[in-house]
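**Student:** Provided below: protein_35.csv, containing CSV, C-alpha atoms and all ligand atoms.
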```csv
chain,number,residue,atom,x,y,z
M,1,MET,CA,8.5,-26.7,-3.7
M,2,ALA,CA,7.1,-24.1,-6.2
M,3,ARG,CA,4.6,-25.6,-8.8
M,4,ARG,CA,2.9,-24.1,-11.7
M,5,GLU,CA,-0.8,-24.5,-12.4
M,6,VAL,CA,-1.8,-24.1,-16.1
M,7,VAL,CA,-5.3,-22.6,-16.8
M,8,ARG,CA,-6.9,-21.8,-20.1
M,9,LEU,CA,-7.5,-18.1,-20.8
M,10,PRO,CA,-9.7,-16.2,-20.9
M,11,VAL,CA,-11.4,-17.1,-17.6
M,12,ALA,CA,-14.5,-15.6,-16.1
M,13,GLY,CA,-15.4,-14.0,-19.4
M,14,GLN,CA,-12.3,-11.9,-19.8
M,15,MET,CA,-9.3,-10.7,-17.9
M,16,ARG,CA,-9.7,-7.3,-16.2
M,17,ASP,CA,-8.8,-4.2,-18.3
M,18,HIS,CA,-6.8,-2.5,-15.5
M,19,VAL,CA,-4.1,-3.3,-13.1
M,20,SER,CA,-3.2,-1.6,-9.8
M,21,TYR,CA,0.1,-1.6,-7.8
M,22,SER,CA,-1.4,-3.8,-5.1
M,23,GLU,CA,-2.2,-6.3,-7.8
M,24,LEU,CA,1.4,-6.3,-9.0
M,25,ARG,CA,2.5,-7.0,-5.4
M,26,LEU,CA,-0.1,-9.7,-5.0
M,27,PHE,CA,1.1,-11.4,-8.2
M,28,GLU,CA,4.7,-11.2,-7.0
M,29,GLN,CA,3.7,-12.7,-3.6
M,30,CYS,CA,1.9,-15.7,-5.1
M,31,GLU,CA,0.7,-15.9,-8.7
M,32,TRP,CA,-1.9,-18.6,-7.8
M,33,LYS,CA,-3.4,-16.4,-5.1
M,34,TRP,CA,-3.6,-13.6,-7.6
M,35,TYR,CA,-5.4,-15.9,-10.0
M,36,LEU,CA,-7.9,-17.0,-7.4
M,37,VAL,CA,-8.6,-13.5,-6.2
M,38,LYS,CA,-8.4,-11.4,-9.3
M,39,ALA,CA,-9.2,-13.7,-12.2
M,40,LEU,CA,-11.7,-16.0,-10.5
M,41,GLY,CA,-13.0,-13.3,-8.1
M,42,LEU,CA,-12.9,-15.6,-5.0
M,43,GLY,CA,-13.2,-13.6,-1.8
M,44,ALA,CA,-10.3,-13.4,0.6
M,45,ASP,CA,-11.4,-11.4,3.6
M,46,GLU,CA,-8.1,-10.2,5.0
M,47,ARG,CA,-9.3,-7.4,7.3
M,48,SER,CA,-7.1,-6.8,10.2
M,49,LEU,CA,-6.7,-4.4,13.0
M,50,PRO,CA,-3.6,-2.7,11.5
M,51,MET,CA,-5.4,-2.3,8.2
M,52,GLU,CA,-8.5,-0.8,9.7
M,53,PHE,CA,-6.4,1.6,11.8
M,54,GLY,CA,-4.5,2.6,8.7
M,55,SER,CA,-7.8,3.2,6.9
M,56,ALA,CA,-9.2,5.4,9.7
M,57,ILE,CA,-5.9,7.4,9.8
M,58,HIS,CA,-5.9,7.9,6.0
M,59,SER,CA,-9.5,9.3,6.0
M,60,THR,CA,-8.7,11.6,8.9
M,61,LEU,CA,-5.6,12.9,7.2
M,62,GLU,CA,-7.6,13.6,4.1
M,63,LYS,CA,-9.7,15.9,6.1
M,64,ALA,CA,-6.7,17.4,7.9
M,65,PHE,CA,-5.1,18.3,4.6
M,66,SER,CA,-8.2,19.1,2.7
M,67,PRO,CA,-7.7,21.8,-0.1
M,68,ASP,CA,-11.1,23.2,0.8
M,69,ALA,CA,-11.4,23.4,4.6
M,70,THR,CA,-9.4,23.7,7.7
M,71,PRO,CA,-11.0,21.6,10.4
M,72,SER,CA,-10.3,22.1,14.1
M,73,GLN,CA,-8.2,19.6,16.1
M,74,GLU,CA,-11.4,18.6,18.0
M,75,GLU,CA,-13.2,17.9,14.7
M,76,LEU,CA,-10.3,15.8,13.5
M,77,ASP,CA,-10.2,13.8,16.8
M,78,LEU,CA,-13.9,13.1,16.4
M,79,GLU,CA,-13.4,12.2,12.7
M,80,PHE,CA,-10.7,9.7,13.6
M,81,ARG,CA,-12.6,8.1,16.5
M,82,SER,CA,-15.8,7.6,14.6
M,83,ALA,CA,-14.0,6.2,11.5
M,84,TYR,CA,-11.9,3.9,13.7
M,85,GLU,CA,-15.0,2.6,15.7
M,86,LYS,CA,-16.8,2.0,12.4
M,87,ASN,CA,-13.9,0.1,10.9
M,88,VAL,CA,-13.2,-2.2,13.8
M,89,GLU,CA,-16.8,-3.0,14.4
M,90,GLY,CA,-17.3,-6.8,13.9
M,91,LEU,CA,-13.6,-7.4,13.5
M,92,GLU,CA,-12.5,-10.7,15.0
M,93,LEU,CA,-9.6,-9.9,17.3
M,94,GLN,CA,-6.9,-12.1,18.6
M,95,PRO,CA,-6.5,-12.0,22.4
M,96,HIS,CA,-3.3,-9.9,22.1
M,97,GLU,CA,-5.1,-7.4,19.9
M,98,VAL,CA,-7.7,-6.3,22.5
M,99,GLU,CA,-5.3,-4.1,24.3
M,100,GLU,CA,-3.7,-2.9,21.0
M,101,ARG,CA,-7.2,-1.8,19.8
M,102,GLU,CA,-7.4,0.6,22.8
M,103,ARG,CA,-3.8,1.8,22.3
M,104,LEU,CA,-4.4,2.6,18.6
M,105,ARG,CA,-7.6,4.5,19.5
M,106,GLU,CA,-5.5,6.8,21.7
M,107,LEU,CA,-2.6,7.0,19.2
M,108,GLY,CA,-4.6,8.1,16.1
M,109,PRO,CA,-5.2,11.8,17.2
M,110,LYS,CA,-1.4,12.0,18.0
M,111,ILE,CA,-0.5,10.9,14.5
M,112,VAL,CA,-2.8,13.5,13.0
M,113,ARG,CA,-1.3,16.2,15.2
M,114,ASP,CA,2.2,15.2,14.4
M,115,ALA,CA,1.4,15.2,10.6
M,116,LEU,CA,0.1,18.8,10.9
M,117,ALA,CA,3.2,19.8,12.8
M,118,CYS,CA,5.7,17.9,10.6
M,119,PRO,CA,8.4,20.3,9.4
M,120,ASP,CA,8.4,18.9,5.9
M,121,LEU,CA,4.7,19.6,5.6
M,122,GLN,CA,4.8,23.2,6.7
M,123,GLY,CA,4.0,25.9,4.0
M,124,ILE,CA,2.4,23.4,1.6
M,125,ARG,CA,-0.6,23.9,-0.6
M,126,PRO,CA,-2.9,20.8,-0.6
M,127,MET,CA,-4.1,20.2,-4.1
M,128,LYS,CA,-5.9,16.9,-4.1
M,129,ASN,CA,-6.7,13.9,-1.9
M,130,GLU,CA,-7.3,10.4,-3.4
M,131,LEU,CA,-6.5,11.4,-6.9
M,132,ALA,CA,-7.9,8.7,-9.2
M,133,LEU,CA,-5.6,7.4,-12.0
M,134,MET,CA,-6.9,5.3,-14.8
M,135,VAL,CA,-4.3,5.6,-17.5
M,136,PRO,CA,-3.6,3.5,-20.6
M,137,ILE,CA,-0.4,1.5,-20.5
M,138,ALA,CA,1.6,1.4,-23.7
M,139,ARG,CA,2.1,-2.3,-24.7
M,140,THR,CA,3.8,-3.8,-27.7
M,141,ASP,CA,1.5,-7.0,-27.6
M,142,GLY,CA,-1.8,-5.2,-28.3
M,143,LEU,CA,-3.1,-5.7,-24.7
M,144,ASP,CA,-5.5,-2.9,-23.8
M,145,VAL,CA,-4.6,-2.4,-20.1
M,146,LYS,CA,-4.8,0.7,-17.9
M,147,PHE,CA,-3.0,1.5,-14.7
M,148,LYS,CA,-5.4,2.1,-11.9
M,149,GLY,CA,-4.4,3.9,-8.7
M,150,PHE,CA,-5.4,6.4,-6.1
M,151,VAL,CA,-2.8,9.0,-5.0
M,152,ASP,CA,-3.3,9.6,-1.3
M,153,PHE,CA,-2.1,13.2,-1.3
M,154,VAL,CA,-1.0,15.7,-3.9
M,155,TYR,CA,0.5,19.0,-2.7
M,156,ALA,CA,2.6,21.9,-3.9
M,157,LYS,CA,5.6,23.3,-2.0
M,158,ARG,CA,7.6,26.4,-2.8
M,159,LEU,CA,11.3,25.6,-2.6
M,160,LYS,CA,14.2,28.0,-3.0
M,161,THR,CA,14.1,28.3,-6.8
M,162,LYS,CA,10.8,26.7,-7.9
M,163,THR,CA,7.5,25.2,-6.8
M,164,VAL,CA,7.5,21.4,-6.7
M,165,ILE,CA,4.4,19.2,-6.8
M,166,TYR,CA,4.6,16.2,-4.4
M,167,ILE,CA,2.9,12.9,-5.1
M,168,ALA,CA,2.6,11.3,-1.7
M,169,ASP,CA,1.3,8.1,-0.2
M,170,PHE,CA,0.6,7.6,3.5
M,171,LYS,CA,2.1,4.4,5.0
M,172,THR,CA,1.4,3.2,8.5
M,173,CYS,CA,4.3,1.3,9.9
M,174,THR,CA,5.7,0.1,13.2
M,175,TRP,CA,9.0,1.9,13.9
M,176,GLY,CA,9.6,3.4,10.4
M,177,TRP,CA,11.2,1.9,7.4
M,178,PRO,CA,14.9,0.8,7.2
M,179,ALA,CA,17.0,2.4,4.5
M,180,ALA,CA,17.0,-0.9,2.5
M,181,LYS,CA,13.2,-0.8,2.2
M,182,LEU,CA,13.2,2.9,1.1
M,183,MET,CA,15.6,1.8,-1.7
M,184,ASP,CA,13.8,-1.4,-2.6
M,185,PRO,CA,12.8,-1.0,-6.3
M,186,LYS,CA,9.6,-3.0,-5.9
M,187,VAL,CA,8.5,-0.9,-2.9
M,188,CYS,CA,9.4,2.4,-4.6
M,189,ALA,CA,7.7,1.3,-7.8
M,190,GLN,CA,4.3,2.3,-6.4
M,191,ILE,CA,5.1,6.0,-5.9
M,192,LEU,CA,7.2,6.1,-9.0
M,193,LEU,CA,4.4,4.7,-11.1
M,194,TYR,CA,2.0,7.2,-9.6
M,195,LYS,CA,4.4,10.0,-10.4
M,196,HIS,CA,4.9,8.7,-14.0
M,197,PHE,CA,1.2,8.4,-14.8
M,198,PHE,CA,0.4,11.7,-13.0
M,199,CYS,CA,2.9,13.4,-15.3
M,200,LYS,CA,1.3,11.6,-18.3
M,201,ILE,CA,-2.2,12.8,-17.6
M,202,THR,CA,-1.4,16.3,-16.5
M,203,GLY,CA,1.6,17.1,-18.8
M,204,ALA,CA,3.6,18.1,-15.8
M,205,ASN,CA,7.4,18.1,-16.3
M,206,PRO,CA,8.8,15.2,-14.2
M,207,ARG,CA,11.5,17.5,-13.0
M,208,ASP,CA,8.9,19.6,-11.2
M,209,VAL,CA,7.3,16.6,-9.5
M,210,SER,CA,8.6,14.7,-6.5
M,211,ALA,CA,7.5,11.4,-5.0
M,212,ALA,CA,7.4,10.7,-1.3
M,213,PHE,CA,6.1,8.3,1.3
M,214,ILE,CA,4.7,9.9,4.4
M,215,LEU,CA,5.5,7.4,7.2
M,216,LEU,CA,3.0,7.2,10.1
M,217,ARG,CA,4.7,5.3,13.0
M,218,LYS,CA,2.5,3.2,15.3
M,219,THR,CA,5.2,2.9,18.0
M,220,PRO,CA,7.2,6.2,18.0
M,221,ARG,CA,9.8,6.6,20.6
M,222,GLU,CA,8.8,8.6,23.6
M,223,GLY,CA,8.8,12.3,22.7
M,224,ASP,CA,9.5,11.7,19.0
M,225,SER,CA,7.2,12.7,16.2
M,226,SER,CA,5.3,9.8,14.7
M,227,VAL,CA,5.4,11.3,11.2
M,228,SER,CA,8.2,11.8,8.6
M,229,VAL,CA,8.3,12.5,4.9
M,230,GLU,CA,10.6,10.2,2.9
M,231,LYS,CA,11.4,11.5,-0.5
M,232,ILE,CA,12.0,8.8,-3.2
M,233,GLY,CA,14.6,9.5,-5.9
M,234,ALA,CA,13.0,9.1,-9.3
M,235,GLY,CA,16.0,9.0,-11.7
M,236,PRO,CA,15.7,7.3,-15.2
M,237,LYS,CA,17.1,4.0,-13.9
M,238,VAL,CA,14.7,3.5,-11.0
M,239,LEU,CA,11.8,4.7,-13.1
M,240,GLN,CA,12.7,2.1,-15.8
M,241,SER,CA,12.9,-0.6,-13.2
M,242,ALA,CA,9.4,0.3,-12.0
M,243,LEU,CA,8.1,0.3,-15.6
M,244,ASP,CA,9.8,-3.1,-16.2
M,245,PHE,CA,8.1,-4.5,-13.1
M,246,LEU,CA,4.7,-3.2,-14.4
M,247,GLN,CA,5.1,-4.6,-17.9
M,248,GLY,CA,6.7,-7.9,-16.9
M,249,THR,CA,3.9,-8.6,-14.3
M,250,ILE,CA,1.2,-7.8,-16.8
M,251,THR,CA,2.8,-10.3,-19.3
M,252,GLY,CA,2.8,-12.9,-16.5
M,253,MET,CA,-0.8,-12.2,-15.6
M,254,HIS,CA,-1.8,-13.0,-19.2
M,255,SER,CA,0.4,-16.1,-19.5
M,256,GLY,CA,-2.2,-18.6,-18.3
M,257,GLU,CA,0.4,-20.3,-16.1
M,258,TYR,CA,0.6,-19.4,-12.4
M,259,ARG,CA,3.1,-20.4,-9.8
M,260,LYS,CA,2.1,-21.5,-6.3
M,261,ASN,CA,4.5,-19.8,-4.0
M,262,ARG,CA,4.6,-22.1,-1.0
M,263,GLU,CA,6.8,-19.6,0.9
M,264,SER,CA,3.9,-17.2,1.1
M,265,CYS,CA,1.4,-19.6,2.6
M,266,VAL,CA,2.4,-19.0,6.2
M,267,ARG,CA,4.1,-15.9,7.5
M,268,ARG,CA,5.7,-15.9,11.0
M,269,TRP,CA,7.2,-12.9,12.8
M,270,VAL,CA,7.9,-11.6,16.3
M,271,ASP,CA,5.6,-8.9,17.6
M,272,PRO,CA,7.9,-5.8,17.9
M,273,VAL,CA,5.9,-4.6,20.9
M,274,THR,CA,5.2,-7.7,23.0
M,275,LYS,CA,8.0,-9.9,21.6
M,276,GLU,CA,5.6,-12.7,21.2
M,277,ASP,CA,5.6,-15.1,18.1
M,278,ARG,CA,2.9,-14.4,15.6
M,279,GLU,CA,1.6,-16.2,12.5
M,280,ALA,CA,-0.7,-15.4,9.6
M,281,ARG,CA,-2.0,-17.9,7.0
M,282,CYS,CA,-3.1,-17.3,3.5
M,283,PRO,CA,-7.0,-17.6,3.5
M,284,PHE,CA,-6.7,-20.3,0.7
M,285,PHE,CA,-4.2,-22.4,2.7
M,286,GLU,CA,-5.3,-26.0,2.7
M,287,THR,CA,-8.6,-25.2,1.1
M,288,THR,CA,-10.0,-26.9,-2.0
M,289,GLU,CA,-8.6,-23.9,-4.0
M,290,CYS,CA,-5.2,-24.6,-2.8
M,291,PRO,CA,-4.8,-28.0,-1.0
M,292,SER,CA,-1.3,-28.6,0.2
M,293,ALA,CA,0.6,-30.8,2.6
M,294,ASP,CA,4.1,-29.9,3.3
M,295,VAL,CA,4.3,-26.2,3.8
M,296,PRO,CA,7.4,-24.8,5.5
M,297,GLY,CA,6.3,-21.1,5.6
M,298,VAL,CA,8.8,-18.3,6.0
M,299,SER,CA,10.0,-16.7,9.1
M,300,THR,CA,11.5,-13.3,9.7
M,301,PRO,CA,14.7,-13.4,11.7
M,302,ARG,CA,14.5,-12.4,15.3
M,401,LIG,S1,-2.0,-21.1,0.2
M,401,LIG,FE1,0.1,-20.6,-0.5
M,401,LIG,S2,0.3,-21.3,-2.6
M,401,LIG,FE2,-1.9,-21.3,-2.1
M,401,LIG,S3,-2.7,-19.4,-2.8
M,401,LIG,FE3,-2.1,-19.1,-0.7
M,401,LIG,S4,0.0,-18.3,-0.8
M,401,LIG,FE4,-0.4,-19.2,-2.8
```
Let me see the file written as structure tokens.
Ligand code: SF4

**Tutor:**
Amino acid sequence: MARREVVRLPVAGQMRDHVSYSELRLFEQCEWKWYLVKALGLGADERSLPMEFGSAIHSTLEKAFSPDATPSQEELDLEFRSAYEKNVEGLELQPHEVEERERLRELGPKIVRDALACPDLQGIRPMKNELALMVPIARTDGLDVKFKGFVDFVYAKRLKTKTVIYIADFKTCTWGWPAAKLMDPKVCAQILLYKHFFCKITGANPRDVSAAFILLRKTPREGDSSVSVEKIGAGPKVLQSALDFLQGTITGMHSGEYRKNRESCVRRWVDPVTKEDREARCPFFETTECPSADVPGVSTPR
């Protein structure tokens, strides 16, 4: 079912001179979609309620863990609510999302409270929020490409024998992540690349820097915390795998041949809260940019 479309490079003047982790994942998901969005600059508005909720939570946690100020709980509640209202304004909701929008409005302040009370985040020294990375990537083919990223949260924590710097990324999720996802090299590549390039620009010893995902659960069990810190092992093998993913994907992006991944056109799943069937389609599905007929889609098992 997969097919390759060949295009002549450079397109749209020139290829971009930087690449981000989300671009690597987009390319992996569907090379043709990456080409349409990143090389041709075609819009693909994929705003969604979970994304807008995640964005409001992120900005509130930035304030909660600011290196410069300690806002009160009331100020943080207000911050979340106004960011959330602004984000969801004008968003087209599916019928089942109307109730969910209200539930998430109430949940936001709990997640922020749980983050501030999280045992792994006690005694930390916040250093930086949204740390921008734009670091040259060493290539053997002469391509001048930089790695672009924003580290959600950098903090220091005194352990028994030394102080460790944590490079952390906030992730909103439904129940949490299964162990397999926390060990998935392509998932972990994000935080490992952030750590790698952070050490490169600061000169920090990688042994003194840890990588972590801070999981923010949207459906925590009754009485449970909605926040946990998941440290990601960063040994030489996993780091090499992340760097190989980066380098191999950049090579593919500059190849001029892009695969249409028909298995990514339609995604189907079962809503974990309501148990109803859900479906999401690629915005280019059956458009002039990507006409198609027989598309099976992919379903997650019940
Ligand atoms: S419709 Fe399918 S093949 Fe086409 S760009 Fe989207 S995911 Fe790729």

**Student:** Can I get the residues close to ligand LIG 401 (chain M) as a ChimeraX atom specification, where close means within 10 Å and we count all atoms listed in the file?

**Tutor:** /M:1-4,26-27,29-37,258-267,281-292,295,297

**Student:** Out of M:Asn129, M:Ser72, M:Thr174, M:Asn87, which residue has the shortest atom-to-atom distance to Leu49 (chain M) when counting only C-alpha atoms?

**Tutor:**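 Distance minimum relative to Leu49 (chain M) lands on M:Asn87.
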
**Student:** Skip Gly248 (chain M) itself and residues of its chain fewer than 6 positions away, then list as a list of chain:residue names all residues within 12 Å of it, counting all atoms listed in the file.

**Tutor:**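 Close residues of Gly248 (chain M): M:Leu24, M:Phe27, M:Glu28, M:Arg139, M:Thr140, M:Asp141, M:Gln240, M:Ser241, M:Ala242, M:His254, M:Ser255.
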
**Student:** Using only C-alpha atoms, which residues sit within 12 Å of Lys162 (chain M) once same-chain residues fewer than 5 positions away are excluded, as a list of chain:residue names?

**Tutor:**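 Counting only C-alpha atoms, the residues come to M:Ala156, M:Lys157, M:Arg207, M:Asp208, M:Val209.
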
**Student:** Can you check which parts of region 64-96 of chain M lie within 12 Å of region 50-58 of chain M? Per residue, the shortest pair of atoms and distance in Å to one decimal, counting all atoms listed in the file, sorted by chain and number, as CSV.

**Tutor:**
```
residue,atom,partner,partner_atom,distance
M:Ala64,CA,M:His58,CA,9.7
M:Phe65,CA,M:His58,CA,10.5
M:Ser66,CA,M:His58,CA,11.9
M:Leu76,CA,M:Ile57,CA,10.2
M:Asp77,CA,M:Ile57,CA,10.4
M:Leu78,CA,M:Ala56,CA,11.2
M:Glu79,CA,M:Ala56,CA,8.5
M:Phe80,CA,M:Ala56,CA,6.0
M:Arg81,CA,M:Ala56,CA,8.1
M:Ser82,CA,M:Ala56,CA,8.5
M:Ala83,CA,M:Ala56,CA,5.2
M:Tyr84,CA,M:Ala56,CA,5.1
M:Glu85,CA,M:Ala56,CA,8.8
M:Lys86,CA,M:Ala56,CA,8.8
M:Asn87,CA,M:Glu52,CA,5.6
M:Val88,CA,M:Glu52,CA,6.4
M:Glu89,CA,M:Glu52,CA,9.8
M:Gly90,CA,M:Glu52,CA,11.4
M:Leu91,CA,M:Glu52,CA,9.2
M:Glu92,CA,M:Glu52,CA,11.9
M:Leu93,CA,M:Pro50,CA,11.0
```

**Student:** Could those residues be written to a file, using C-alpha atoms, as an mmCIF file, in the frame of the given file?

**Tutor:**
```cif
data_model
loop_
_atom_site.group_PDB
_atom_site.id
_atom_site.type_symbol
_atom_site.label_atom_id
_atom_site.label_comp_id
_atom_site.auth_asym_id
_atom_site.auth_seq_id
_atom_site.Cartn_x
_atom_site.Cartn_y
_atom_site.Cartn_z
ATOM 1 C CA ALA M 64 -6.700 17.400 7.900
ATOM 2 C CA PHE M 65 -5.100 18.300 4.600
ATOM 3 C CA SER M 66 -8.200 19.100 2.700
ATOM 4 C CA LEU M 76 -10.300 15.800 13.500
ATOM 5 C CA ASP M 77 -10.200 13.800 16.800
ATOM 6 C CA LEU M 78 -13.900 13.100 16.400
ATOM 7 C CA GLU M 79 -13.400 12.200 12.700
ATOM 8 C CA PHE M 80 -10.700 9.700 13.600
ATOM 9 C CA ARG M 81 -12.600 8.100 16.500
ATOM 10 C CA SER M 82 -15.800 7.600 14.600
ATOM 11 C CA ALA M 83 -14.000 6.200 11.500
ATOM 12 C CA TYR M 84 -11.900 3.900 13.700
ATOM 13 C CA GLU M 85 -15.000 2.600 15.700
ATOM 14 C CA LYS M 86 -16.800 2.000 12.400
ATOM 15 C CA ASN M 87 -13.900 0.100 10.900
ATOM 16 C CA VAL M 88 -13.200 -2.200 13.800
ATOM 17 C CA GLU M 89 -16.800 -3.000 14.400
ATOM 18 C CA GLY M 90 -17.300 -6.800 13.900
ATOM 19 C CA LEU M 91 -13.600 -7.400 13.500
ATOM 20 C CA GLU M 92 -12.500 -10.700 15.000
ATOM 21 C CA LEU M 93 -9.600 -9.900 17.300
#
```

**Student:** Between CA of Phe153 (chain M) and CA of Glu130 (chain M), what is the spacing in Å?

**Tutor:**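 Value for the CA of Glu130 (chain M)-CA of Phe153 (chain M) distance: 6.3 Å.
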
**Student:** Between M:Ala211, M:Val227, M:Ile201, M:Ile165, which residue has the minimum interatomic distance to Trp177 (chain M), considering all atoms listed in the file?

**Tutor:**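 Nearest candidate to Trp177 (chain M) out of M:Ala211, M:Val227, M:Ile201, M:Ile165: M:Val227.
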
**Student:** Quick one: distance from CA of Ser59 (chain M) to CA of Asp152 (chain M) in Å, one decimal?

**Tutor:**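 CA of Asp152 (chain M) lies at a distance of 9.6 Å from CA of Ser59 (chain M).
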
**Student:** Between CA of Val164 (chain M) and CA of Ile124 (chain M), what is the distance, to one decimal in Å?

**Tutor:**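 Rounded to one decimal, the two atoms are 9.9 Å apart.
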
**Student:** For Leu131 (chain M), list every protein, DNA or RNA residue within 12 Å, evaluated using only C-alpha atoms, and leave out those in the same chain fewer than 4 positions away; present the list as number ranges by chain.

**Tutor:** M: 62, 126-127, 148-155, 167-169, 194-195, 197-198, 201-202

**Student:** Tell me, as a list of chain:residue names, which residues lie within 12 Å of Gly233 (chain M), counting all atoms listed in the file; anything in the same chain fewer than 6 positions away does not count.

**Tutor:**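 Non-adjacent residues within range: M:Leu182, M:Met183, M:Asp184, M:Pro185, M:Cys188, M:Ala189, M:Ile191, M:Leu192, M:Lys195, M:Pro206, M:Arg207, M:Val209, M:Ser210, M:Ala211, M:Ala212, M:Phe213, M:Leu239.
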
**Student:** Padding of 4 Å on every side, edges along x, y and z, all listed atoms of region 272-291 of chain M included: what centre and edge lengths in Å, to one decimal, does that box have, as AutoDock Vina command-line options?

**Tutor:**
```
--center_x -1.0 --center_y -16.3 --center_z 9.5 --size_x 26.0 --size_y 31.4 --size_z 35.0
```

**Student:** Using all atoms listed in the file, can you tell me which of M:Pro136, M:Pro119, M:Pro109, M:Pro236 comes closest to His18 (chain M)?

**Tutor:**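 Result for the nearest residue to His18 (chain M): M:Pro136.
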
**Student:** When distances are computed from all atoms listed in the file, which of M:Ala69, M:Phe245, M:Glu46, M:Ile214 shows the smallest separation from Ala115 (chain M)?

**Tutor:**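 Checking each candidate against Ala115 (chain M), we get M:Ile214 as the closest.
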
**Student:** Which residue, M:Ile111, M:Leu215, M:Leu121, M:Ala132, has the smallest gap to Arg158 (chain M) when you use only C-alpha atoms?

**Tutor:**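 Answer, going by the shortest atom-to-atom distance: M:Leu121.
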
**Student:** So, counting all atoms listed in the file, which residue among M:Lys110, M:Arg101, M:His196, M:Arg47 is closest to Gln73 (chain M)?

**Tutor:**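 With all atoms listed in the file as the atom set, the closest residue is M:Lys110.
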
**Student:** May I ask you to restore N, CA and C atoms in region 152-169 of chain M and write the result as a PDB file, in the coordinates of the input?

**Tutor:**
```pdb
ATOM      1  N   ASP M 152      -2.767   9.170  -2.598  1.00  0.00           N
ATOM      2  CA  ASP M 152      -3.300   9.600  -1.300  1.00  0.00           C
ATOM      3  C   ASP M 152      -3.353  11.155  -1.228  1.00  0.00           C
ATOM      4  N   PHE M 153      -2.235  11.801  -1.613  1.00  0.00           N
ATOM      5  CA  PHE M 153      -2.100  13.200  -1.300  1.00  0.00           C
ATOM      6  C   PHE M 153      -1.225  13.914  -2.355  1.00  0.00           C
ATOM      7  N   VAL M 154      -1.770  14.935  -2.989  1.00  0.00           N
ATOM      8  CA  VAL M 154      -1.000  15.700  -3.900  1.00  0.00           C
ATOM      9  C   VAL M 154      -0.888  17.158  -3.350  1.00  0.00           C
ATOM     10  N   TYR M 155       0.322  17.667  -3.189  1.00  0.00           N
ATOM     11  CA  TYR M 155       0.500  19.000  -2.700  1.00  0.00           C
ATOM     12  C   TYR M 155       1.612  19.745  -3.338  1.00  0.00           C
ATOM     13  N   ALA M 156       1.561  21.076  -3.253  1.00  0.00           N
ATOM     14  CA  ALA M 156       2.600  21.900  -3.900  1.00  0.00           C
ATOM     15  C   ALA M 156       3.417  22.546  -2.736  1.00  0.00           C
ATOM     16  N   LYS M 157       4.712  22.684  -2.991  1.00  0.00           N
ATOM     17  CA  LYS M 157       5.600  23.300  -2.000  1.00  0.00           C
ATOM     18  C   LYS M 157       6.555  24.238  -2.700  1.00  0.00           C
ATOM     19  N   ARG M 158       6.661  25.455  -2.218  1.00  0.00           N
ATOM     20  CA  ARG M 158       7.600  26.400  -2.800  1.00  0.00           C
ATOM     21  C   ARG M 158       8.995  26.116  -2.220  1.00  0.00           C
ATOM     22  N   LEU M 159       9.951  25.742  -3.091  1.00  0.00           N
ATOM     23  CA  LEU M 159      11.300  25.600  -2.600  1.00  0.00           C
ATOM     24  C   LEU M 159      12.102  26.831  -2.993  1.00  0.00           C
ATOM     25  N   LYS M 160      13.424  26.821  -2.817  1.00  0.00           N
ATOM     26  CA  LYS M 160      14.200  28.000  -3.000  1.00  0.00           C
ATOM     27  C   LYS M 160      13.994  28.648  -4.408  1.00  0.00           C
ATOM     28  N   THR M 161      14.099  27.784  -5.444  1.00  0.00           N
ATOM     29  CA  THR M 161      14.100  28.300  -6.800  1.00  0.00           C
ATOM     30  C   THR M 161      12.819  28.021  -7.596  1.00  0.00           C
ATOM     31  N   LYS M 162      12.022  27.080  -7.128  1.00  0.00           N
ATOM     32  CA  LYS M 162      10.800  26.700  -7.900  1.00  0.00           C
ATOM     33  C   LYS M 162       9.769  26.062  -7.000  1.00  0.00           C
ATOM     34  N   THR M 163       8.576  25.951  -7.548  1.00  0.00           N
ATOM     35  CA  THR M 163       7.500  25.200  -6.800  1.00  0.00           C
ATOM     36  C   THR M 163       7.490  23.796  -7.320  1.00  0.00           C
ATOM     37  N   VAL M 164       7.446  22.878  -6.371  1.00  0.00           N
ATOM     38  CA  VAL M 164       7.500  21.400  -6.700  1.00  0.00           C
ATOM     39  C   VAL M 164       6.113  20.825  -6.294  1.00  0.00           C
ATOM     40  N   ILE M 165       5.607  19.943  -7.145  1.00  0.00           N
ATOM     41  CA  ILE M 165       4.400  19.200  -6.800  1.00  0.00           C
ATOM     42  C   ILE M 165       4.836  17.856  -6.195  1.00  0.00           C
ATOM     43  N   TYR M 166       4.260  17.514  -5.070  1.00  0.00           N
ATOM     44  CA  TYR M 166       4.600  16.200  -4.400  1.00  0.00           C
ATOM     45  C   TYR M 166       3.442  15.246  -4.613  1.00  0.00           C
ATOM     46  N   ILE M 167       3.850  14.030  -5.033  1.00  0.00           N
ATOM     47  CA  ILE M 167       2.900  12.900  -5.100  1.00  0.00           C
ATOM     48  C   ILE M 167       3.236  12.039  -3.932  1.00  0.00           C
ATOM     49  N   ALA M 168       2.290  11.954  -2.988  1.00  0.00           N
ATOM     50  CA  ALA M 168       2.600  11.300  -1.700  1.00  0.00           C
ATOM     51  C   ALA M 168       1.641  10.184  -1.359  1.00  0.00           C
ATOM     52  N   ASP M 169       2.168   9.182  -0.670  1.00  0.00           N
ATOM     53  CA  ASP M 169       1.300   8.100  -0.200  1.00  0.00           C
ATOM     54  C   ASP M 169       1.570   7.897   1.289  1.00  0.00           C
TER      55      ASP M 169
END
```
